[in-house]
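Colleague: Hey, dropping data36.txt in here, compact mmCIF, C-alpha atoms:
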# COMPACT_ATOMS: atom_id res chain seq x y z
CA MET A 1 -34.30 57.13 19.74
CA LYS A 2 -33.33 58.09 23.26
CA ARG A 3 -35.24 55.13 24.58
CA ALA A 4 -33.43 52.80 22.19
CA LEU A 5 -30.09 54.12 23.40
CA LEU A 6 -31.08 53.91 27.06
CA PHE A 7 -32.88 50.57 27.09
CA VAL A 8 -31.16 48.67 24.28
CA VAL A 9 -27.70 50.03 23.49
CA LEU A 10 -26.64 50.93 27.02
CA PRO A 11 -27.41 47.49 28.53
CA LEU A 12 -25.53 45.83 25.68
CA VAL A 13 -22.54 48.08 26.32
CA VAL A 14 -22.67 47.28 30.04
CA GLY A 15 -22.83 43.55 29.29
CA ALA A 16 -19.91 43.74 26.86
CA ALA A 17 -17.87 45.81 29.30
CA THR A 18 -18.47 43.17 31.97
CA TYR A 19 -16.99 40.56 29.65
CA PHE A 20 -13.98 42.74 28.85
CA ALA A 21 -13.38 43.45 32.54
CA THR A 22 -13.71 39.93 33.85
CA ARG A 23 -13.35 37.25 31.20
CA ALA A 24 -10.54 35.60 29.30
CA PRO A 25 -10.32 36.87 25.71
CA ASP A 26 -11.41 33.60 24.13
CA ILE A 27 -14.89 34.55 22.93
CA ARG A 28 -15.86 36.11 19.63
CA LEU A 29 -16.83 39.39 21.25
CA PHE A 30 -13.14 40.09 21.80
CA ASP A 31 -12.42 39.37 18.14
CA TRP A 32 -15.20 41.67 16.99
CA THR A 33 -14.19 44.60 19.19
CA PRO A 34 -11.25 46.87 18.37
CA ALA A 35 -8.31 46.04 20.62
CA PHE A 36 -8.04 49.58 21.99
CA ILE A 37 -11.57 49.36 23.37
CA VAL A 38 -10.87 46.04 25.08
CA ALA A 39 -7.63 47.42 26.46
CA ALA A 40 -9.37 50.51 27.78
CA VAL A 41 -11.61 48.47 30.08
CA PRO A 42 -9.87 47.82 33.42
CA LYS A 43 -9.68 44.23 34.64
CA LEU A 44 -11.91 43.79 37.68
CA HIS A 45 -12.49 41.08 40.25
CA LEU A 46 -16.25 40.94 40.65
CA PRO A 47 -18.43 38.40 42.46
CA ALA A 48 -18.96 35.25 40.41
CA ILE A 49 -22.70 35.84 40.18
CA VAL A 50 -22.07 39.24 38.60
CA VAL A 51 -19.46 37.90 36.21
CA GLY A 52 -21.64 34.98 35.21
CA SER A 53 -25.12 36.45 35.07
CA LEU A 54 -24.89 40.21 34.50
CA PRO A 55 -23.97 40.06 30.78
CA ASP A 56 -26.75 37.54 30.12
CA ALA A 57 -29.24 39.65 32.07
CA MET A 58 -28.20 42.78 30.16
CA TRP A 59 -28.65 40.98 26.84
CA ALA A 60 -32.11 39.78 27.85
CA PHE A 61 -33.08 43.23 29.14
CA ALA A 62 -32.02 44.82 25.85
CA PHE A 63 -33.85 42.13 23.90
CA GLY A 64 -37.09 42.62 25.83
CA SER A 65 -36.73 46.39 25.54
CA ALA A 66 -36.20 46.25 21.79
CA LEU A 67 -39.32 44.18 21.25
CA GLY A 68 -41.24 46.36 23.70
CA LEU A 69 -40.23 49.49 21.82
CA VAL A 70 -41.33 47.96 18.54
CA TRP A 71 -44.76 46.98 19.78
CA LYS A 72 -45.61 49.47 22.53
CA LYS A 73 -48.55 47.22 23.41
CA PRO A 74 -49.17 43.61 24.42
CA SER A 75 -48.25 41.23 21.64
CA ALA A 76 -47.60 37.56 20.98
CA TRP A 77 -44.04 38.59 20.10
CA MET A 78 -43.44 39.18 23.81
CA TRP A 79 -43.93 35.48 24.46
CA ILE A 80 -41.92 34.47 21.41
CA GLY A 81 -39.02 36.55 22.69
CA ALA A 82 -39.42 35.14 26.20
CA CYS A 83 -39.34 31.57 24.89
CA LEU A 84 -36.23 32.30 22.83
CA THR A 85 -34.55 33.89 25.84
CA ALA A 86 -35.23 30.87 28.01
CA SER A 87 -34.34 28.41 25.27
CA ILE A 88 -30.87 29.89 24.88
CA GLU A 89 -30.02 28.93 28.45
CA LEU A 90 -31.96 25.66 28.37
CA ALA A 91 -30.15 24.63 25.17
CA GLN A 92 -26.93 24.84 27.14
CA ALA A 93 -28.32 22.34 29.63
CA ALA A 94 -29.04 19.99 26.74
CA HIS A 95 -25.55 20.61 25.27
CA LEU A 96 -27.12 21.83 22.04
CA ILE A 97 -25.10 25.02 22.18
CA GLU A 98 -21.88 25.95 23.88
CA GLY A 99 -21.99 27.11 27.46
CA VAL A 100 -22.68 26.06 31.00
CA PHE A 101 -26.31 25.95 32.13
CA ASP A 102 -26.99 27.91 35.26
CA ARG A 103 -30.37 28.31 36.98
CA VAL A 104 -29.43 31.77 38.20
CA ASP A 105 -28.70 32.80 34.62
CA LEU A 106 -32.04 31.44 33.48
CA LEU A 107 -33.97 33.31 36.15
CA ALA A 108 -31.96 36.50 35.63
CA MET A 109 -32.53 36.41 31.88
CA ILE A 110 -36.26 35.77 32.06
CA ALA A 111 -36.78 38.42 34.73
CA SER A 112 -34.62 40.93 32.88
CA TYR A 113 -36.42 40.25 29.63
CA PHE A 114 -39.84 41.02 31.08
CA ILE A 115 -38.52 44.03 33.01
CA GLY A 116 -37.03 45.35 29.78
CA TRP A 117 -40.24 44.71 27.86
CA ARG A 118 -42.31 46.55 30.49
CA ILE A 119 -39.99 49.37 31.49
CA SER A 120 -39.15 50.41 27.95
CA ARG A 121 -42.83 51.07 27.27
CA VAL A 122 -43.53 53.14 30.39
CA GLY A 123 -45.22 56.33 29.30
CA ILE A 124 -45.61 55.35 25.64
CA SER A 125 -47.73 52.21 25.62
CA SER A 126 -51.27 52.67 24.40
CA PRO A 127 -54.02 50.09 24.27
CA HIS A 128 -55.45 51.56 21.06
CA ARG A 129 -53.77 52.45 17.81
CA ARG A 130 -54.10 56.08 16.83
CA ASP A 131 -55.69 55.13 13.56
CA ALA A 132 -58.08 52.64 15.11
CA PRO A 133 -61.67 53.78 15.58
CA ARG A 134 -62.49 54.75 19.12
CA PRO A 135 -65.08 52.58 20.88
CA ILE A 136 -68.54 54.02 20.56
CA PRO A 137 -70.16 54.70 23.96
CA THR A 138 -73.40 52.83 24.42
CA MET B 1 -45.92 52.03 12.82
CA ARG B 2 -48.47 49.60 11.46
CA ASP B 3 -48.63 46.03 12.69
CA ARG B 4 -47.19 44.64 9.47
CA ALA B 5 -44.10 46.78 9.92
CA ARG B 6 -43.93 45.76 13.58
CA HIS B 7 -43.96 42.08 12.64
CA ILE B 8 -41.10 42.63 10.23
CA ALA B 9 -39.19 44.72 12.77
CA SER B 10 -39.71 42.03 15.43
CA PHE B 11 -38.26 39.43 13.12
CA PHE B 12 -35.14 41.53 12.61
CA VAL B 13 -34.86 42.31 16.32
CA ILE B 14 -34.87 38.59 17.12
CA ALA B 15 -32.42 37.79 14.35
CA GLY B 16 -30.12 40.57 15.50
CA PHE B 17 -30.15 39.57 19.13
CA LEU B 18 -29.60 35.91 18.35
CA ALA B 19 -26.62 36.95 16.25
CA LEU B 20 -25.36 39.05 19.13
CA ASN B 21 -25.64 36.04 21.39
CA THR B 22 -23.00 34.26 19.35
CA ALA B 23 -20.58 36.91 20.56
CA THR B 24 -20.22 34.91 23.74
CA SER B 25 -19.31 31.72 21.91
CA LYS B 26 -15.74 30.59 21.89
CA SER B 27 -13.84 31.90 18.92
CA GLY B 28 -12.35 29.42 16.50
CA GLY B 29 -15.01 27.41 14.76
CA PRO B 30 -18.61 26.42 15.31
CA TYR B 31 -19.59 24.46 18.38
CA THR B 32 -20.28 20.86 17.54
CA GLY B 33 -21.50 19.73 20.92
CA PRO B 34 -19.66 17.86 23.65
CA ILE B 35 -16.92 15.54 22.56
CA PRO B 36 -17.86 11.92 23.19
CA VAL B 37 -15.70 9.98 25.58
CA THR B 38 -13.36 7.64 23.81
CA PRO B 39 -13.65 4.26 25.52
CA ALA B 40 -10.14 3.21 24.69
CA ASP B 41 -7.15 4.48 22.82
CA ALA B 42 -5.00 1.64 21.63
CA GLY B 43 -2.31 3.99 20.45
CA LEU B 44 -1.78 5.65 23.77
CA ALA B 45 -0.57 3.29 26.42
CA LYS B 46 0.31 -0.34 26.59
CA VAL B 47 -0.84 -0.65 30.18
CA LYS B 48 -3.77 0.56 32.12
CA PHE B 49 -2.81 2.25 35.33
CA ASP B 50 -5.36 1.33 37.94
CA ALA B 51 -3.96 2.58 41.23
CA GLY B 52 -4.31 6.03 42.68
CA PRO B 53 -6.05 8.14 40.10
CA PRO B 54 -9.43 9.48 41.19
CA THR B 55 -12.48 9.05 39.04
CA ILE B 56 -13.91 12.14 37.42
CA ALA B 57 -16.77 12.15 39.91
CA ASP B 58 -14.26 12.23 42.75
CA LEU B 59 -12.70 15.47 41.61
CA PRO B 60 -13.52 18.44 43.83
CA GLY B 61 -15.83 20.75 41.95
CA HIS B 62 -17.05 18.05 39.55
CA GLY B 63 -20.49 18.98 38.27
CA CYS B 64 -20.35 22.58 39.47
CA SER B 65 -22.37 24.96 37.34
CA ALA B 66 -20.98 28.36 38.30
CA LYS B 67 -19.57 30.31 35.37
CA THR B 68 -16.00 30.09 36.51
CA ASP B 69 -12.99 28.87 34.61
CA VAL B 70 -12.62 25.92 37.00
CA CYS B 71 -16.21 24.76 36.49
CA ARG B 72 -15.97 25.32 32.75
CA ILE B 73 -12.78 23.30 32.44
CA LEU B 74 -13.96 20.53 34.76
CA GLY B 75 -17.10 20.26 32.64
CA ASP B 76 -15.01 20.00 29.49
CA PHE B 77 -12.65 17.56 31.21
CA ALA B 78 -15.53 15.24 32.08
CA VAL B 79 -16.42 14.85 28.40
CA GLY B 80 -12.92 15.23 27.00
CA THR B 81 -11.05 12.59 25.07
CA THR B 82 -7.60 11.23 25.72
CA PRO B 83 -5.54 10.78 22.55
CA ILE B 84 -2.61 13.12 22.22
CA ASP B 85 -0.52 13.21 19.08
CA LEU B 86 3.03 12.55 20.12
CA PRO B 87 5.64 14.39 18.10
CA THR B 88 7.70 12.18 15.83
CA THR B 89 10.82 14.09 16.69
CA GLY B 90 11.65 16.74 19.22
CA SER B 91 9.03 17.84 21.69
CA ASP B 92 5.69 19.59 21.69
CA LEU B 93 5.14 22.45 24.05
CA TRP B 94 1.67 23.20 25.41
CA ALA B 95 1.07 26.42 27.30
CA GLY B 96 -1.86 27.86 29.21
CA TYR B 97 -3.07 28.45 32.72
CA VAL B 98 -4.05 26.45 35.78
CA TRP B 99 -6.44 27.68 38.44
CA GLY B 100 -6.28 26.73 42.10
CA ALA B 101 -7.08 28.27 45.49
CA GLY B 102 -8.63 31.23 43.70
CA THR B 103 -5.46 32.02 41.79
CA ARG B 104 -4.34 31.57 38.19
CA GLN B 105 -0.85 30.59 37.17
CA PRO B 106 0.87 30.06 33.84
CA PHE B 107 1.47 26.39 33.17
CA PHE B 108 3.13 24.40 30.45
CA VAL B 109 3.75 20.80 29.53
CA LYS B 110 6.39 19.35 27.26
CA ILE B 111 5.65 16.16 25.39
CA GLN B 112 8.10 13.98 23.55
CA ARG B 113 8.33 10.42 22.42
CA GLY B 114 10.76 7.75 23.45
CA TYR B 115 12.48 9.26 26.42
CA THR B 116 13.99 6.73 28.80
CA PRO B 117 14.10 5.65 31.49
CA SER B 118 10.51 5.87 32.60
CA PRO B 119 9.08 4.42 35.81
CA ASP B 120 7.56 1.54 33.91
CA PRO B 121 9.52 -0.01 30.99
CA LYS B 122 6.23 -0.64 29.23
CA LEU B 123 5.75 3.10 28.96
CA ASP B 124 9.08 3.86 27.36
CA GLU B 125 7.66 4.88 24.04
CA GLN B 126 5.46 7.61 25.35
CA VAL B 127 6.62 9.94 28.01
CA MET B 128 5.89 13.43 29.02
CA ASP B 129 7.16 16.09 31.30
CA ASP B 130 5.04 18.19 33.56
CA SER B 131 6.59 21.55 34.19
CA ALA B 132 4.55 22.75 37.16
CA ALA B 133 4.38 26.49 37.37
CA PHE B 134 7.33 28.10 35.76
CA ASP B 135 9.13 30.97 37.29
CA VAL B 136 8.85 33.90 34.95
CA SER B 137 10.11 37.24 36.06
CA SER B 138 7.34 39.01 34.25
CA GLU B 139 3.76 37.86 34.44
CA SER B 140 2.89 40.06 31.49
CA ASP B 141 5.35 38.08 29.35
CA ALA B 142 3.57 34.84 30.22
CA ASP B 143 0.19 36.43 29.51
CA ALA B 144 1.39 37.77 26.16
CA TRP B 145 2.82 34.41 25.18
CA ILE B 146 -0.27 32.43 26.17
CA ALA B 147 -2.55 34.94 24.44
CA ALA B 148 -0.52 34.38 21.26
CA VAL B 149 -0.60 30.61 21.69
CA LYS B 150 -4.39 30.61 22.05
CA THR B 151 -4.80 32.31 18.71
CA GLY B 152 -2.30 30.04 16.98
CA LYS B 153 0.41 32.67 16.75
CA SER B 154 4.09 32.44 17.54
CA ALA B 155 5.47 33.81 20.77
CA PRO B 156 6.22 37.55 20.76
CA ALA B 157 9.86 38.26 19.99
CA GLY B 158 12.07 38.18 23.04
CA ASN B 159 9.34 36.81 25.26
CA ARG B 160 10.99 35.62 28.46
CA ALA B 161 8.28 33.13 29.38
CA TYR B 162 8.58 31.41 26.02
CA GLU B 163 12.37 31.40 26.19
CA GLN B 164 12.31 29.94 29.66
CA ALA B 165 9.87 27.20 28.67
CA THR B 166 11.74 26.21 25.54
CA GLY B 167 15.19 26.54 27.06
CA TRP B 168 14.44 24.64 30.21
CA SER B 169 15.73 21.08 30.33
CA PRO B 170 13.73 18.85 32.64
CA THR B 171 15.35 16.29 34.87
CA ASP B 172 12.27 14.32 35.80
CA TRP B 173 10.15 13.06 32.95
CA PHE B 174 6.80 11.43 33.45
CA GLY B 175 5.56 8.28 31.77
CA MET B 176 2.14 8.44 30.19
CA ALA B 177 -0.57 5.86 30.80
CA LYS B 178 -4.30 5.47 30.54
CA ALA B 179 -5.89 5.79 33.97
CA THR B 180 -8.92 3.79 34.97
CA SER B 181 -10.83 7.09 35.17
CA GLY B 182 -10.39 7.41 31.42
CA SER B 183 -7.84 10.18 31.62
CA ILE B 184 -4.19 10.10 30.74
CA VAL B 185 -2.16 9.89 33.89
CA LEU B 186 1.48 10.91 34.12
CA LEU B 187 3.68 8.59 36.14
CA THR B 188 6.94 9.06 37.88
CA ASP B 189 8.72 7.15 40.60
CA LYS B 190 9.26 10.34 42.58
CA SER B 191 5.71 11.32 43.43
CA PRO B 192 2.25 9.72 43.53
CA PRO B 193 0.17 10.05 40.37
CA HIS B 194 -1.37 13.49 40.38
CA VAL B 195 -1.34 14.79 36.80
CA PHE B 196 -4.37 13.88 34.69
CA LEU B 197 -4.86 14.98 31.12
CA ARG B 198 -7.58 15.00 28.53
CA THR B 199 -8.03 16.75 25.24
CA SER B 200 -10.97 18.87 24.16
CA GLY B 201 -10.82 20.31 20.67
CA ASN B 202 -7.45 21.99 20.34
CA ARG B 203 -6.94 22.22 24.08
CA LEU B 204 -5.07 19.98 26.47
CA LEU B 205 -6.91 19.95 29.79
CA VAL B 206 -5.10 19.17 33.01
CA VAL B 207 -6.18 18.34 36.54
CA LEU B 208 -3.57 18.16 39.28
CA ASN B 209 -4.93 16.17 42.18
CA SER B 210 -3.23 13.75 44.54
CA GLY B 211 -5.63 13.93 47.45
CA LYS B 212 -3.16 16.18 49.23
CA PRO B 213 -2.48 19.90 48.75
CA LEU B 214 -0.18 20.63 45.82
CA LYS B 215 2.07 23.64 45.73
CA LEU B 216 2.66 25.51 42.49
CA GLY B 217 4.92 28.48 42.83
CA LYS B 218 4.00 29.98 46.17
CA VAL B 219 0.39 28.85 46.23
CA GLU B 220 -0.89 25.61 47.72
CA ALA B 221 -4.23 24.23 46.57
CA ALA B 222 -6.14 20.98 47.01
CA GLU B 223 -6.61 20.85 43.25
CA TRP B 224 -5.39 22.67 40.18
CA VAL B 225 -7.42 22.74 36.98
CA GLY B 226 -6.15 24.16 33.72
CA GLU B 227 -6.15 24.31 29.95
CA MET B 228 -3.31 24.61 27.44
CA TRP B 229 -2.83 25.14 23.74
CA LYS B 230 -0.03 23.76 21.57
CA THR B 231 2.62 26.35 20.85
CA LYS B 232 4.19 27.10 17.52
Please re-express this file's structure in structure tokens.
Modeller:
Amino acid sequence: MKRALLFVVLPLVVGAATYFATRAPDIRLFDWTPAFIVAAVPKLHLPAIVVGSLPDAMWAFAFGSALGLVWKKPSAWMWIGACLTASIELAQAAHLIEGVFDRVDLLAMIASYFIGWRISRVGISSPHRRDAPRPIPT
Amino acid sequence: MRDRARHIASFFVIAGFLALNTATSKSGGPYTGPIPVTPADAGLAKVKFDAGPPTIADLPGHGCSAKTDVCRILGDFAVGTTPIDLPTTGSDLWAGYVWGAGTRQPFFVKIQRGYTPSPDPKLDEQVMDDSAAFDVSSESDADAWIAAVKTGKSAPAGNRAYEQATGWSPTDWFGMAKATSGSIVLLTDKSPPHVFLRTSGNRLLVVLNSGKPLKLGKVEAAEWVGEMWKTK
């Protein structure tokens, strides 16, 4: 539970706070969040790369962490999640979804996703299931 | 947790995070992709104004991909359309912001039909006024008004920015024409063409560019880029 809070919830909160602190209130996140929370976040002038890429990177980190915590071992789902993460940004380049494609965003999201997947499993990943039979020494 | 449960949990994790991703979409309806450029709008202007206006590709910042308001609006402007519904009577008031030289300023435009004289008699039926930055004593009033406008609400009671915009009577109206760049260009005999408009969804997008620095309020910028919403 602590890992979920640290690696999933906290990055999402940081990403949302970055939006509240730097963006115009014209995205759904502002509609979904109680006004007093939005108002409590001070408006900041941050470098454009932080404003543009940090929330996306935090989302991808949390996404990778969530899947990593579910599996705790290498899985095909890691690649499914990675493809979805990349496709969200690439779909913007193709104008399939709203947004402005940015290479920095794409790199930040992919890197953050894999970092999240790996770091969330540090100390808990195991190559063998507990209920799986141990390999017999020959 | 067995693998079957992990597969199910993974499905829900993906569904949940994709749903979260929509939080960064613009509020107010599903995205339907870029708006196609309208090749011509017979109802807009009787003449095509082919001197002065820059093409979209000539605009500073065109094609930029940084996640800034200027890049976002320029991207929308490039694929925006041009028809604007002229009010049958009275005037429409559009309010929003323009960005230039790293600053943001409140901006509004009044539109009305049939004002004369215009710089070109052929444009008499469709004219428009460009307000430039308006001098509001309280920036928070302008912010509150524009925030209300964006969500389709009326101006807050006693809002000074709204009162100033509605009470102000312009002396120099602009004629409206279709520029060769595909935008609407506002024309006056007192300054070179420098106001270009397009629509995108419920927004009126504006680019102020004359090739020379333009001063709004106390700030001078080579180009101003903005977006406005129709007020109630």
Colleague: Hey, which of A:Lys2, A:Glu89, A:Ser120, A:Val8 ends up closest to Lys72 of chain A? Count only C-alpha atoms.
Modeller: A:Ser120
Colleague: Can you tell me, as lines of an AutoDock Vina configuration file, the centre and edge lengths (Å, one decimal) of the axis-aligned box enclosing all of segment 49-66 of chain A's listed atoms after padding each side by 8 Å?
Modeller:
center_x = -28.3
center_y = 40.7
center_z = 31.0
size_x = 33.6
size_y = 27.4
size_z = 34.4
Colleague: For chain B, which residue out of A:Val70, A:Leu6, A:Leu12, A:Ala39 is the nearest one, using all atoms listed in the file?
Modeller: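 For chain B, the nearest of the given residues is A:Val70.
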Colleague: Any idea what the distance is between atom CA of Ala155 of chain B and atom CA of Gly226 of chain B?
Modeller: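 Distance reported for this atom pair: 19.9 Å.
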Colleague: For each of A:Leu84, A:Met1, A:Met109, A:Ala17, take the minimum atom-to-atom distance to Pro42 of chain A, counting all atoms listed in the file, then give the residue where this is smallest.
Modeller: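 For Pro42 of chain A, the nearest of the given residues is A:Ala17.
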Colleague: Could you check how far atom CA of Leu93 of chain B sits from atom CA of Thr231 of chain B, in Å to one decimal?
Modeller: 5.6 Å
Colleague: By how many Å are atom CA of Ala142 of chain B and atom CA of Leu205 of chain B apart?
Modeller: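 Atom CA of Leu205 of chain B lies 18.2 Å from atom CA of Ala142 of chain B.
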Colleague: Go through A:Ala60, A:Val122, A:Ile37, A:Ala93 one by one, measure the shortest atom-to-atom distance of each to Gly15 of chain A using all atoms listed in the file, and give the residue with the smallest value.
Modeller: A:Ala60
Colleague: With distances taken over all atoms listed in the file, which residue among A:Asp56, A:Val9, A:Ile80, A:Ala40 lies nearest Phe101 of chain A?
Modeller: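 The closest residue to Phe101 of chain A is A:Asp56.
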Colleague: Using all atoms listed in the file, which protein or nucleic acid residues come within 9 Å of Ser53 of chain A? Drop anything in the same chain fewer than 6 positions from it, and give the result as a compact mmCIF listing (two decimals) with C-alpha atoms, in the coordinates of the input.
Modeller:
# COMPACT_ATOMS: atom_id res chain seq x y z
CA ASP A 102 -26.99 27.91 35.26
CA VAL A 104 -29.43 31.77 38.20
CA ASP A 105 -28.70 32.80 34.62
CA LEU A 106 -32.04 31.44 33.48
CA ALA A 108 -31.96 36.50 35.63
CA MET A 109 -32.53 36.41 31.88
CA LYS B 67 -19.57 30.31 35.37
Colleague: So that I can see what lies close to Trp71 of chain A, please list as a PDB file with C-alpha atoms, in the frame of the given file the residues with an atom at most 10 Å from it, counting only C-alpha atoms and leaving out residues fewer than 4 positions away in the same chain.
Modeller:
ATOM      1  CA  SER A  65     -36.730  46.390  25.540  1.00  0.00           C
ATOM      2  CA  ALA A  66     -36.200  46.250  21.790  1.00  0.00           C
ATOM      3  CA  LEU A  67     -39.320  44.180  21.250  1.00  0.00           C
ATOM      4  CA  SER A  75     -48.250  41.230  21.640  1.00  0.00           C
ATOM      5  CA  ALA A  76     -47.600  37.560  20.980  1.00  0.00           C
ATOM      6  CA  TRP A  77     -44.040  38.590  20.100  1.00  0.00           C
ATOM      7  CA  MET A  78     -43.440  39.180  23.810  1.00  0.00           C
ATOM      8  CA  TRP A 117     -40.240  44.710  27.860  1.00  0.00           C
ATOM      9  CA  ARG A 121     -42.830  51.070  27.270  1.00  0.00           C
ATOM     10  CA  SER A 125     -47.730  52.210  25.620  1.00  0.00           C
ATOM     11  CA  SER A 126     -51.270  52.670  24.400  1.00  0.00           C
TER      12      SER A 126
ATOM     13  CA  MET B   1     -45.920  52.030  12.820  1.00  0.00           C
ATOM     14  CA  ARG B   2     -48.470  49.600  11.460  1.00  0.00           C
ATOM     15  CA  ASP B   3     -48.630  46.030  12.690  1.00  0.00           C
ATOM     16  CA  ALA B   5     -44.100  46.780   9.920  1.00  0.00           C
ATOM     17  CA  ARG B   6     -43.930  45.760  13.580  1.00  0.00           C
ATOM     18  CA  HIS B   7     -43.960  42.080  12.640  1.00  0.00           C
ATOM     19  CA  ALA B   9     -39.190  44.720  12.770  1.00  0.00           C
ATOM     20  CA  SER B  10     -39.710  42.030  15.430  1.00  0.00           C
TER      21      SER B  10
END
Colleague: Just checking: using all atoms listed in the file, which residue out of B:Asp141, B:Ile111, B:Arg198, B:Val149 ends up closest to chain A?
Modeller: B:Val149
Colleague: Pick out the residues sitting within 9 Å of Ala66 of chain B, and hand them over as a ChimeraX atom specification; count all atoms listed in the file, and ignore anything fewer than 2 positions along from it in its own chain.
Modeller: /A:48-49,52,100-102 /B:64,68-72
